[in-house]
>>> print(open('structure20.cif').read())   # mmCIF, C-alpha atoms
data_data
#
loop_
_atom_site.label_atom_id
_atom_site.label_comp_id
_atom_site.auth_asym_id
_atom_site.auth_seq_id
_atom_site.Cartn_x
_atom_site.Cartn_y
_atom_site.Cartn_z
CA MET A 250 0.00 0.00 0.00
CA LEU A 251 2.42 2.69 1.23
CA ILE A 252 5.58 0.55 1.38
CA PRO A 253 6.82 -1.82 -1.35
CA ALA A 254 5.79 -5.42 -0.60
CA ASN A 255 9.37 -6.71 -0.65
CA ARG A 256 10.17 -4.52 2.37
CA LEU A 257 7.32 -6.02 4.40
CA GLN A 258 8.08 -9.70 3.90
CA TRP A 259 9.57 -10.17 7.39
CA ILE A 260 6.70 -8.45 9.20
CA PRO A 261 3.71 -10.69 10.11
CA LYS A 262 0.87 -10.10 7.64
CA ASN A 263 -1.62 -9.06 10.32
CA LEU A 264 0.73 -6.30 11.51
CA ARG A 265 1.86 -4.85 8.20
CA LEU A 266 -0.87 -2.22 8.08
CA ALA A 267 0.09 -0.99 11.56
CA HIS A 268 3.71 -0.72 10.42
CA GLU A 269 2.67 1.22 7.32
CA TYR A 270 0.57 3.54 9.46
CA CYS A 271 3.58 4.23 11.70
CA PHE A 272 5.66 5.03 8.63
CA PHE A 273 2.88 7.28 7.33
CA LEU A 274 2.95 9.30 10.57
CA HIS A 275 6.73 9.63 10.32
CA ASP A 276 6.47 10.75 6.70
CA GLU A 277 3.85 13.36 7.56
CA PHE A 278 5.85 15.22 10.20
CA ALA A 279 9.08 14.77 8.22
CA ARG A 280 7.32 16.28 5.18
CA MET A 281 6.22 19.27 7.25
CA LEU A 282 9.79 19.72 8.49
CA VAL A 283 11.09 19.84 4.91
CA GLU A 284 8.36 22.26 3.83
CA TYR A 285 8.99 24.62 6.74
CA GLU A 286 12.73 24.57 6.07
CA ALA A 287 12.20 25.21 2.36
CA ALA A 288 9.93 28.18 3.14
CA ASN A 289 12.47 29.51 5.66
CA ALA A 290 9.56 29.65 8.13
CA PRO A 291 11.69 29.45 11.31
CA THR A 292 13.51 32.69 10.46
CA ILE A 293 12.37 35.66 12.55
CA SER A 294 12.01 39.09 10.93
CA PHE A 295 11.63 42.36 12.78
CA THR A 296 12.03 46.08 12.15
CA PHE A 297 14.51 48.16 14.12
CA ALA A 298 13.12 51.19 15.91
CA SER A 299 15.89 53.42 14.60
CA LYS A 300 19.14 53.47 12.65
CA SER A 301 21.08 53.67 15.89
CA GLN A 302 19.40 50.48 17.16
CA ALA A 303 20.27 48.73 13.90
CA SER A 304 23.87 49.86 14.20
CA ARG A 305 24.02 48.76 17.83
CA PHE A 306 22.63 45.35 16.85
CA GLU A 307 25.28 44.92 14.18
CA ASP A 308 28.07 45.77 16.61
CA LEU A 309 26.77 43.39 19.29
CA ALA A 310 26.21 40.59 16.80
CA LYS A 311 29.80 40.86 15.59
CA LYS A 312 31.12 40.86 19.14
CA HIS A 313 28.87 38.08 20.45
CA ASP A 314 26.06 36.61 18.31
CA ALA A 315 22.67 37.65 16.95
CA LEU A 316 20.74 36.14 19.86
CA THR A 317 22.80 37.97 22.48
CA ALA A 318 22.41 41.18 20.48
CA MET A 319 18.62 40.79 20.44
CA ARG A 320 18.52 40.31 24.20
CA GLU A 321 20.84 43.25 24.85
CA LEU A 322 18.52 45.47 22.81
CA GLY A 323 15.44 44.31 24.72
CA LEU A 324 14.02 42.24 21.85
CA HIS A 325 13.13 39.45 24.24
CA SER A 326 9.99 38.11 22.55
CA GLU A 327 11.82 37.92 19.22
CA ALA A 328 14.80 36.21 20.86
CA ARG A 329 12.49 33.73 22.56
CA ARG A 330 10.87 32.81 19.23
CA VAL A 331 14.30 32.31 17.67
CA VAL A 332 15.28 29.90 20.45
CA LEU A 333 12.03 27.92 20.37
CA ASN A 334 12.01 27.71 16.57
CA HIS A 335 15.59 26.48 16.52
CA ILE A 336 14.90 23.84 19.18
CA THR A 337 11.78 22.63 17.38
CA MET A 338 13.41 22.23 13.99
CA ALA A 339 16.57 20.57 15.30
CA MET A 340 14.81 18.17 17.67
CA VAL A 341 12.14 17.16 15.14
CA SER A 342 14.87 16.43 12.61
CA ASP A 343 16.76 14.27 15.12
CA CYS A 344 13.53 12.53 16.12
CA ALA A 345 12.55 11.81 12.50
CA HIS A 346 15.97 10.30 11.71
CA HIS A 347 15.76 7.95 14.69
CA ILE A 348 12.21 6.83 13.94
CA TYR A 349 12.89 6.28 10.25
CA GLU A 350 15.91 4.09 10.95
CA SER A 351 14.11 2.19 13.71
CA LEU A 352 11.18 1.33 11.43
CA ARG A 353 13.58 0.20 8.72
CA CYS A 354 15.29 -2.04 11.27
CA PHE A 355 11.96 -3.62 12.18
CA GLU A 356 11.41 -4.42 8.50
CA LYS A 357 14.55 -6.56 8.70
CA ARG A 358 13.81 -8.15 12.11
CA LYS A 359 16.71 -6.20 13.62
CA PHE A 360 14.86 -5.79 16.90
CA ILE A 361 17.70 -4.65 19.18
CA PRO A 362 19.00 -1.72 17.07
CA GLY A 363 15.41 -0.84 16.15
CA LEU A 364 14.35 -0.54 19.79
CA ASN A 365 17.53 1.33 20.70
CA LEU A 366 16.81 3.87 17.97
CA LEU A 367 13.20 4.21 19.08
CA ARG A 368 14.11 4.69 22.74
CA LYS A 369 15.52 8.23 22.46
CA PRO A 370 12.60 9.90 20.62
CA LEU A 371 9.95 8.20 22.76
CA LEU A 372 11.56 8.29 26.21
CA ASP A 373 13.34 11.63 25.85
CA SER A 374 12.26 13.85 22.94
CA LEU A 375 8.54 13.21 23.31
CA MET A 376 8.41 14.68 26.82
CA TYR A 377 10.31 17.81 25.78
CA PHE A 378 7.92 18.30 22.86
CA SER A 379 5.01 17.84 25.27
CA TRP A 380 6.50 20.35 27.70
CA MET A 381 6.96 22.91 24.91
CA VAL A 382 3.36 22.46 23.75
CA GLY A 383 1.72 22.26 27.19
CA ASP A 384 3.78 24.87 29.06
CA GLU A 385 5.91 26.93 26.71
CA ASP A 386 6.66 29.57 29.36
CA GLY A 387 7.90 26.98 31.82
CA PHE A 388 10.03 25.21 29.22
CA TYR A 389 11.63 28.42 27.99
CA SER A 390 12.35 29.57 31.51
CA ALA A 391 14.03 26.27 32.36
CA PHE A 392 15.97 26.12 29.08
CA THR A 393 17.39 29.61 29.44
CA ALA A 394 18.10 29.36 33.19
CA GLY A 395 21.70 28.31 32.59
CA ASP A 396 21.27 25.12 34.62
CA PRO A 397 20.86 21.81 32.70
CA ALA A 398 19.63 20.22 35.93
CA LYS A 399 16.32 22.00 35.36
CA LEU A 400 15.85 20.00 32.15
CA THR A 401 16.55 16.46 33.30
CA GLN A 402 14.15 13.57 32.77
CA LYS A 403 13.87 13.32 36.56
CA VAL A 404 12.44 16.85 36.67
CA LEU A 405 10.06 15.98 33.85
CA GLY A 406 9.09 12.70 35.47
CA ASN A 407 7.81 14.47 38.55
CA ARG A 408 5.15 16.24 36.48
CA ARG A 409 4.73 13.81 33.61
CA LYS A 410 0.99 13.39 33.95
CA GLU A 411 0.13 17.10 34.01
CA THR A 412 2.57 17.81 31.15
CA LEU A 413 1.03 15.19 28.88
CA ALA A 414 -2.52 16.19 29.83
CA SER A 415 -1.83 19.84 29.03
CA ALA A 416 -0.27 18.96 25.67
CA ILE A 417 -3.13 16.63 24.66
CA ALA A 418 -5.59 19.44 25.44
CA LYS A 419 -3.81 21.62 22.87
CA THR A 420 -4.15 19.03 20.07
CA GLU A 421 -7.06 17.37 18.28
CA LEU A 422 -6.57 14.13 20.22
CA ALA A 423 -8.83 14.65 23.24
CA GLY A 424 -10.95 11.52 23.59
CA ILE A 425 -8.67 9.58 21.25
CA VAL A 426 -5.38 9.39 23.16
CA THR A 427 -5.29 9.62 26.97
CA THR A 428 -2.57 10.59 29.40
CA GLU A 429 -2.98 7.27 31.18
CA ASP A 430 -2.47 5.33 27.95
CA LEU A 431 0.73 7.18 27.08
CA ILE A 432 2.23 6.79 30.56
CA SER A 433 1.32 3.10 30.66
CA ILE A 434 2.72 2.41 27.19
CA ILE A 435 5.98 4.35 27.49
CA TYR A 436 6.94 4.48 31.17
CA ASP A 437 5.15 1.74 33.13
CA VAL A 438 7.67 -1.01 33.89
CA GLY A 439 4.82 -3.19 35.10
CA ASN A 440 2.90 -3.07 31.81
CA PRO A 441 3.70 -6.34 30.00
CA ASP A 442 2.36 -4.86 26.76
CA GLY A 443 4.25 -1.56 27.11
CA LEU A 444 7.45 -0.33 25.50
CA TYR A 445 9.54 0.39 28.58
CA GLY A 446 10.62 -3.20 29.17
CA LEU A 447 11.50 -3.64 25.51
CA PHE A 448 13.63 -0.50 25.57
CA GLN A 449 15.49 -1.55 28.73
CA HIS A 450 16.19 -5.05 27.44
CA ALA A 451 17.41 -3.64 24.12
CA VAL A 452 19.89 -1.22 25.69
CA HIS A 453 21.08 -3.35 28.65
CA LEU A 454 22.40 -6.90 28.58
CA ILE A 455 21.47 -7.40 32.25
CA THR A 456 18.54 -5.81 34.13
CA VAL A 457 18.10 -6.73 37.79
CA GLU A 458 16.77 -3.61 39.55
CA ARG A 459 13.11 -4.20 38.70
CA VAL A 460 11.57 -7.63 39.03
CA GLU A 461 9.17 -6.94 36.16
CA ILE A 462 12.02 -6.80 33.63
CA LYS A 463 14.64 -8.86 35.43
CA THR A 464 16.95 -10.87 33.18
CA SER A 465 16.18 -14.57 33.27
CA PRO A 466 18.89 -16.95 34.66
CA GLU A 467 21.80 -17.85 32.40
CA ASN A 468 20.76 -15.29 29.84
CA PHE A 469 21.49 -11.88 28.35
CA ASN A 470 18.59 -9.68 27.31
CA PHE A 471 17.61 -10.40 23.69
CA ILE A 472 21.04 -11.85 22.82
CA PHE A 473 19.72 -15.38 22.42
CA LYS A 474 16.36 -14.26 21.09
CA ASP A 475 15.13 -16.19 18.05
CA PRO A 476 14.68 -13.49 15.37
CA GLY A 477 12.02 -15.65 13.76
CA GLU A 478 9.60 -15.21 16.67
CA ASP A 479 6.83 -12.62 16.30
CA ASP A 480 6.16 -11.67 19.94
CA ILE A 481 8.17 -8.43 19.79
CA TYR A 482 6.27 -7.35 16.68
CA GLU A 483 2.98 -8.13 18.40
CA ALA A 484 3.89 -6.07 21.47
CA LEU A 485 5.38 -3.23 19.43
CA TYR A 486 2.51 -2.68 17.01
CA LEU A 487 -0.11 -3.00 19.72
CA THR A 488 1.09 0.32 21.17
CA LEU A 489 3.42 2.13 18.76
CA PRO A 490 0.63 3.58 16.54
CA THR A 491 -0.87 5.35 19.59
CA VAL A 492 2.43 6.92 20.63
CA LEU A 493 3.40 8.02 17.12
CA LEU A 494 -0.05 9.52 16.53
CA TYR A 495 0.44 11.63 19.64
CA LEU A 496 4.00 12.52 18.61
CA ALA A 497 2.86 13.65 15.15
CA HIS A 498 0.19 15.90 16.64
CA VAL A 499 2.43 17.60 19.21
CA ILE A 500 4.93 18.24 16.42
CA LEU A 501 2.10 19.81 14.39
CA ALA A 502 1.27 22.02 17.40
CA LEU A 503 4.91 23.17 17.55
CA TYR A 504 5.00 23.89 13.81
CA GLU A 505 1.84 25.98 14.18
CA ARG A 506 3.67 28.25 16.59
CA ILE A 507 6.44 28.79 14.06
CA GLN A 508 3.98 29.60 11.29
CA PRO A 509 0.32 28.56 11.04
CA PRO A 510 -0.22 26.08 8.18
CA ARG A 511 -2.94 26.55 5.61
CA PRO A 512 -6.26 25.62 7.28
CA GLY A 513 -7.04 23.01 4.65
CA ALA A 514 -3.65 21.35 5.02
CA ARG A 515 -4.10 21.17 8.78
CA GLU A 516 -7.60 19.70 8.46
CA ALA A 517 -6.35 17.10 6.00
CA PHE A 518 -3.54 16.09 8.35
CA VAL A 519 -5.94 15.68 11.27
CA PHE A 520 -8.54 13.81 9.20
CA ARG A 521 -6.06 11.37 7.68
CA THR A 522 -4.03 10.62 10.82
CA VAL A 523 -7.00 10.29 13.19
CA ASN A 524 -9.28 8.30 10.91
CA ALA A 525 -6.53 5.91 9.91
CA TYR A 526 -5.91 5.35 13.63
CA ARG A 527 -9.61 4.69 14.21
CA PHE A 528 -9.52 2.23 11.33
CA LEU A 529 -6.70 0.35 13.07
CA ARG A 530 -7.80 0.55 16.66
CA GLN A 531 -11.50 1.22 17.19
CA GLU A 532 -13.95 -1.66 17.17
CA GLY A 533 -16.09 -1.40 14.05
CA GLY A 534 -13.85 1.38 12.79
CA LYS A 535 -13.03 -0.28 9.47
CA ALA A 536 -16.59 -0.79 8.29
CA ALA A 537 -17.80 2.57 9.62
CA LEU A 538 -15.01 4.50 7.92
CA ALA A 539 -15.43 2.70 4.60
CA GLU A 540 -19.17 3.36 4.65
CA ALA A 541 -18.80 7.06 5.52
CA MET A 542 -16.11 7.68 2.90
CA GLY A 543 -18.13 5.73 0.33
CA GLU A 544 -21.21 7.87 0.92
CA ALA A 545 -19.15 11.03 0.54
CA LEU A 546 -17.01 10.06 -2.46
CA SER A 547 -18.61 7.28 -4.52
CA PRO A 548 -21.38 9.40 -6.13
CA HIS A 549 -18.80 11.90 -7.41
CA ILE A 550 -15.67 9.89 -8.30
CA LYS A 551 -15.12 7.52 -11.22
CA CYS A 552 -12.10 5.47 -12.21
CA PRO A 553 -10.17 7.39 -14.92
CA GLY A 554 -9.43 4.09 -16.61
CA CYS A 555 -12.80 2.32 -16.86
CA SER A 556 -15.27 4.97 -15.59
CA ALA A 557 -16.59 2.65 -12.87
CA PRO A 558 -17.74 4.50 -9.71
CA LEU A 559 -15.27 4.53 -6.84
CA LYS A 560 -16.08 1.70 -4.46
CA VAL A 561 -14.70 2.46 -1.00
CA THR A 562 -13.88 -0.96 0.36
CA GLU A 563 -12.06 -1.28 3.69
CA TYR A 564 -8.84 -1.66 1.70
CA ASN A 565 -9.56 1.47 -0.34
CA ALA A 566 -10.51 3.49 2.74
CA MET A 567 -7.07 2.98 4.26
CA ARG A 568 -5.36 3.38 0.91
CA LEU A 569 -7.06 6.74 0.40
CA LEU A 570 -5.95 7.91 3.84
CA LEU A 571 -2.34 6.72 3.70
CA THR A 572 -1.45 7.08 0.02
CA GLU A 573 -4.12 9.35 -1.52
CA SER A 574 -4.89 6.71 -4.12
CA PHE A 575 -7.37 3.88 -4.65
CA ARG A 576 -7.59 0.60 -6.49
CA CYS A 577 -10.56 0.37 -8.82
CA ALA A 578 -12.79 -2.52 -7.76
CA HIS A 579 -13.73 -3.10 -11.43
CA CYS A 580 -10.51 -2.88 -13.47
CA ARG A 581 -8.10 -3.29 -10.50
CA HIS A 582 -5.89 -0.43 -11.63
CA LYS A 583 -4.42 1.89 -9.01
CA GLN A 584 -5.43 5.51 -9.41
CA PRO A 585 -4.23 8.68 -7.63
CA PHE A 586 -6.79 10.69 -5.71
CA PRO A 587 -6.00 14.11 -4.11
CA LEU A 588 -7.74 13.53 -0.78
CA SER A 589 -5.89 16.36 0.98
CA TRP A 590 -6.82 18.78 -1.80
CA ILE A 591 -10.52 18.35 -0.92
CA PHE A 592 -9.86 20.13 2.37
#
>>> encode(input="structure20.cif", output="structure tokens")
Amino acid sequence: MLIPANRLQWIPKNLRLAHEYCFFLHDEFARMLVEYEAANAPTISFTFASKSQASRFEDLAKKHDALTAMRELGLHSEARRVVLNHITMAMVSDCAHHIYESLRCFEKRKFIPGLNLLRKPLLDSLMYFSWMVGDEDGFYSAFTAGDPAKLTQKVLGNRRKETLASAIAKTELAGIVTTEDLISIIYDVGNPDGLYGLFQHAVHLITVERVEIKTSPENFNFIFKDPGEDDIYEALYLTLPTVLLYLAHVILALYERIQPPRPGAREAFVFRTVNAYRFLRQEGGKAALAEAMGEALSPHIKCPGCSAPLKVTEYNAMRLLLTESFRCAHCRHKQPFPLSWIF
């Protein structure tokens, strides 16, 4: 559908759609990153109050740097935006690289490097993104305090629940993703279906501090694991779509603060990401989505090849969302369809 079939051969058939959805989410926020960079959106423009201020800025920038010059001249709101924009773009880029490589590892059953690559964006970066979205003032104050101790994961851990709740409230995910789900999936060592134990076993050969993830006798974590077993895939794709959906939406919220996207583009992003998730996760979601999209599109869309009306099967519903294309139920040819353009 989204990924060539030869890349999916090692992933169990019943989990391939979940993997493609995860890649779709990665591609969406990576695409936005590229578009914002190409448009030079993170660059801050402002007008000097006078020629003397402009001259003073130039002198300070040569002596120190542009950010210091802005602060010296009292341009604090502009300096703040520069800092936050720079953090957002750099951290999203780092996050996207890690997630891309991790998903590619999972396509090759390279579980240990895949989980190691996934650990940083989900255990570290995700909470900083959430902090920036949910409490930008608090994050900026801590970041510019000159004390890295104010930014540690221990500090974040003490207010994890309120940070995630505040960030979710500023996205379109209320009622879809919950704070409790995210904490359980990412941080709960006692959750046998969560990611924390997988991350710890991937990065450490021996774990003995917590009984829930204690290394079994005469063993090293994952070293003797049969790569042909599917249990890691089953645990991973039970929860990863939820976390990456949340990640994609907090990244969107951060991009919006750099420069608001076109309303239609934003609506298309929300519609495609959320409804594809419902298709995967909600009971009855597949049939309901196919029926709703069929009612909206079938009377108006025909196959360019054979002129047969678009039939929105469950397969075509997900194909439309992930790839903006459909397969004609009559002639079986694949046809592009600009779903996002509708918005």
>>> residues_around(input="structure20.cif", residues="Asn289 in chain A", least_positions_apart="2", cutoff="12 Å", atoms="all atoms listed in the file", output="PyMOL selection string")
chain A and resi 282-287+291-294+334-335+338+507-508
>>> atom_distance(input="structure20.cif", atom1="CA of Gly383 in chain A", atom2="CA of Ile435 in chain A")
18.4 Å
>>> residues_near_point(input="structure20.cif", point="(7.8, -10.8, 10.2)", cutoff="10 Å", atoms="all atoms listed in the file", output="NGL selection string")
:A and (257-265 or 355-358 or 476-483)
>>> resolve_selection(input="structure20.cif", expression="the PyMOL selection byres ((chain A and resi 267) around 9)", output="ChimeraX atom specification")
/A:263-266,268-272,486-487,489-490,526,529
>>> atom_distance(input="structure20.cif", atom1="CA of Pro509 in chain A", atom2="CA of Ile348 in chain A")
24.9 Å
>>> atom_distance(input="structure20.cif", atom1="CA of Tyr377 in chain A", atom2="CA of Glu505 in chain A")
16.5 Å
>>> closest_residue(input="structure20.cif", among="A:Ser326, A:Thr488, A:Thr317, A:Asn365", to="Asp442 in chain A", atoms="only C-alpha atoms")
A:Thr488
>>> resolve_selection(input="structure20.cif", expression="the PyMOL selection byres ((chain A and resi 551-568) around 9)", output="MDAnalysis selection string")
chainID A and resid 250:251 266 524:525 528 535:536 538:544 546:550 569:580 582 584
>>> closest_residue(input="structure20.cif", among="A:Val341, A:Val499, A:Leu333, A:Ala288", to="Leu422 in chain A", atoms="all atoms listed in the file")
A:Val499
>>> closest_residue(input="structure20.cif", among="A:Leu444, A:Met340, A:Ile591, A:Met376", to="Ala517 in chain A", atoms="all atoms listed in the file")
A:Ile591
>>> resolve_selection(input="structure20.cif", expression="the PyMOL selection byres ((chain A and resi 492) around 9)", output="list in words")
Leu371, Val426, Asp430, Leu431, Ile434, Ile435, Thr488, Leu489, Pro490, Thr491, Leu493, Leu494, Tyr495, Leu496 and Ala497 of chain A
>>> write_last_selection(input="structure20.cif", atoms="C-alpha atoms", output="PDB file, in the coordinates of the input")
ATOM      1  CA  LEU A 371       9.950   8.200  22.760  1.00  0.00           C
ATOM      2  CA  VAL A 426      -5.380   9.390  23.160  1.00  0.00           C
ATOM      3  CA  ASP A 430      -2.470   5.330  27.950  1.00  0.00           C
ATOM      4  CA  LEU A 431       0.730   7.180  27.080  1.00  0.00           C
ATOM      5  CA  ILE A 434       2.720   2.410  27.190  1.00  0.00           C
ATOM      6  CA  ILE A 435       5.980   4.350  27.490  1.00  0.00           C
ATOM      7  CA  THR A 488       1.090   0.320  21.170  1.00  0.00           C
ATOM      8  CA  LEU A 489       3.420   2.130  18.760  1.00  0.00           C
ATOM      9  CA  PRO A 490       0.630   3.580  16.540  1.00  0.00           C
ATOM     10  CA  THR A 491      -0.870   5.350  19.590  1.00  0.00           C
ATOM     11  CA  LEU A 493       3.400   8.020  17.120  1.00  0.00           C
ATOM     12  CA  LEU A 494      -0.050   9.520  16.530  1.00  0.00           C
ATOM     13  CA  TYR A 495       0.440  11.630  19.640  1.00  0.00           C
ATOM     14  CA  LEU A 496       4.000  12.520  18.610  1.00  0.00           C
ATOM     15  CA  ALA A 497       2.860  13.650  15.150  1.00  0.00           C
TER      16      ALA A 497
END
>>> residues_around(input="structure20.cif", residues="Arg511 in chain A", least_positions_apart="5", cutoff="12 Å", atoms="all atoms listed in the file", output="VMD selection string")
chain A and resid 281 504 to 505 516 to 518 589 to 590 592
>>> closest_residue(input="structure20.cif", among="A:Glu321, A:Glu307, A:Glu385, A:Glu461", to="Thr337 in chain A", atoms="all atoms listed in the file")
A:Glu385
>>> build_atoms(input="structure20.cif", residues="range 532-545 of chain A", atoms="N, CA and C atoms", output="PDB file, in the coordinates of the input")
ATOM      1  N   GLU A 532     -13.082  -0.564  17.558  1.00  0.00           N
ATOM      2  CA  GLU A 532     -13.950  -1.660  17.170  1.00  0.00           C
ATOM      3  C   GLU A 532     -15.025  -1.149  16.198  1.00  0.00           C
ATOM      4  N   GLY A 533     -15.141  -1.828  15.080  1.00  0.00           N
ATOM      5  CA  GLY A 533     -16.090  -1.400  14.050  1.00  0.00           C
ATOM      6  C   GLY A 533     -15.605  -0.240  13.223  1.00  0.00           C
ATOM      7  N   GLY A 534     -14.378   0.206  13.477  1.00  0.00           N
ATOM      8  CA  GLY A 534     -13.850   1.380  12.790  1.00  0.00           C
ATOM      9  C   GLY A 534     -13.676   1.174  11.292  1.00  0.00           C
ATOM     10  N   LYS A 535     -13.270  -0.024  10.891  1.00  0.00           N
ATOM     11  CA  LYS A 535     -13.030  -0.280   9.470  1.00  0.00           C
ATOM     12  C   LYS A 535     -14.297  -0.126   8.647  1.00  0.00           C
ATOM     13  N   ALA A 536     -15.332  -0.821   9.053  1.00  0.00           N
ATOM     14  CA  ALA A 536     -16.590  -0.790   8.290  1.00  0.00           C
ATOM     15  C   ALA A 536     -17.211   0.607   8.314  1.00  0.00           C
ATOM     16  N   ALA A 537     -17.188   1.251   9.488  1.00  0.00           N
ATOM     17  CA  ALA A 537     -17.800   2.570   9.620  1.00  0.00           C
ATOM     18  C   ALA A 537     -17.096   3.605   8.739  1.00  0.00           C
ATOM     19  N   LEU A 538     -15.772   3.545   8.721  1.00  0.00           N
ATOM     20  CA  LEU A 538     -15.010   4.500   7.920  1.00  0.00           C
ATOM     21  C   LEU A 538     -15.239   4.271   6.433  1.00  0.00           C
ATOM     22  N   ALA A 539     -15.214   3.017   6.011  1.00  0.00           N
ATOM     23  CA  ALA A 539     -15.430   2.700   4.600  1.00  0.00           C
ATOM     24  C   ALA A 539     -16.812   3.170   4.147  1.00  0.00           C
ATOM     25  N   GLU A 540     -17.809   2.947   4.995  1.00  0.00           N
ATOM     26  CA  GLU A 540     -19.170   3.360   4.650  1.00  0.00           C
ATOM     27  C   GLU A 540     -19.287   4.877   4.541  1.00  0.00           C
ATOM     28  N   ALA A 541     -18.715   5.589   5.519  1.00  0.00           N
ATOM     29  CA  ALA A 541     -18.800   7.060   5.520  1.00  0.00           C
ATOM     30  C   ALA A 541     -18.065   7.657   4.321  1.00  0.00           C
ATOM     31  N   MET A 542     -16.867   7.154   4.038  1.00  0.00           N
ATOM     32  CA  MET A 542     -16.110   7.680   2.900  1.00  0.00           C
ATOM     33  C   MET A 542     -16.799   7.320   1.584  1.00  0.00           C
ATOM     34  N   GLY A 543     -17.422   6.131   1.534  1.00  0.00           N
ATOM     35  CA  GLY A 543     -18.130   5.730   0.330  1.00  0.00           C
ATOM     36  C   GLY A 543     -19.309   6.637   0.045  1.00  0.00           C
ATOM     37  N   GLU A 544     -20.061   6.981   1.089  1.00  0.00           N
ATOM     38  CA  GLU A 544     -21.210   7.870   0.920  1.00  0.00           C
ATOM     39  C   GLU A 544     -20.781   9.255   0.428  1.00  0.00           C
ATOM     40  N   ALA A 545     -19.626   9.694   0.906  1.00  0.00           N
ATOM     41  CA  ALA A 545     -19.150  11.030   0.540  1.00  0.00           C
ATOM     42  C   ALA A 545     -18.516  11.077  -0.841  1.00  0.00           C
TER      43      ALA A 545
END
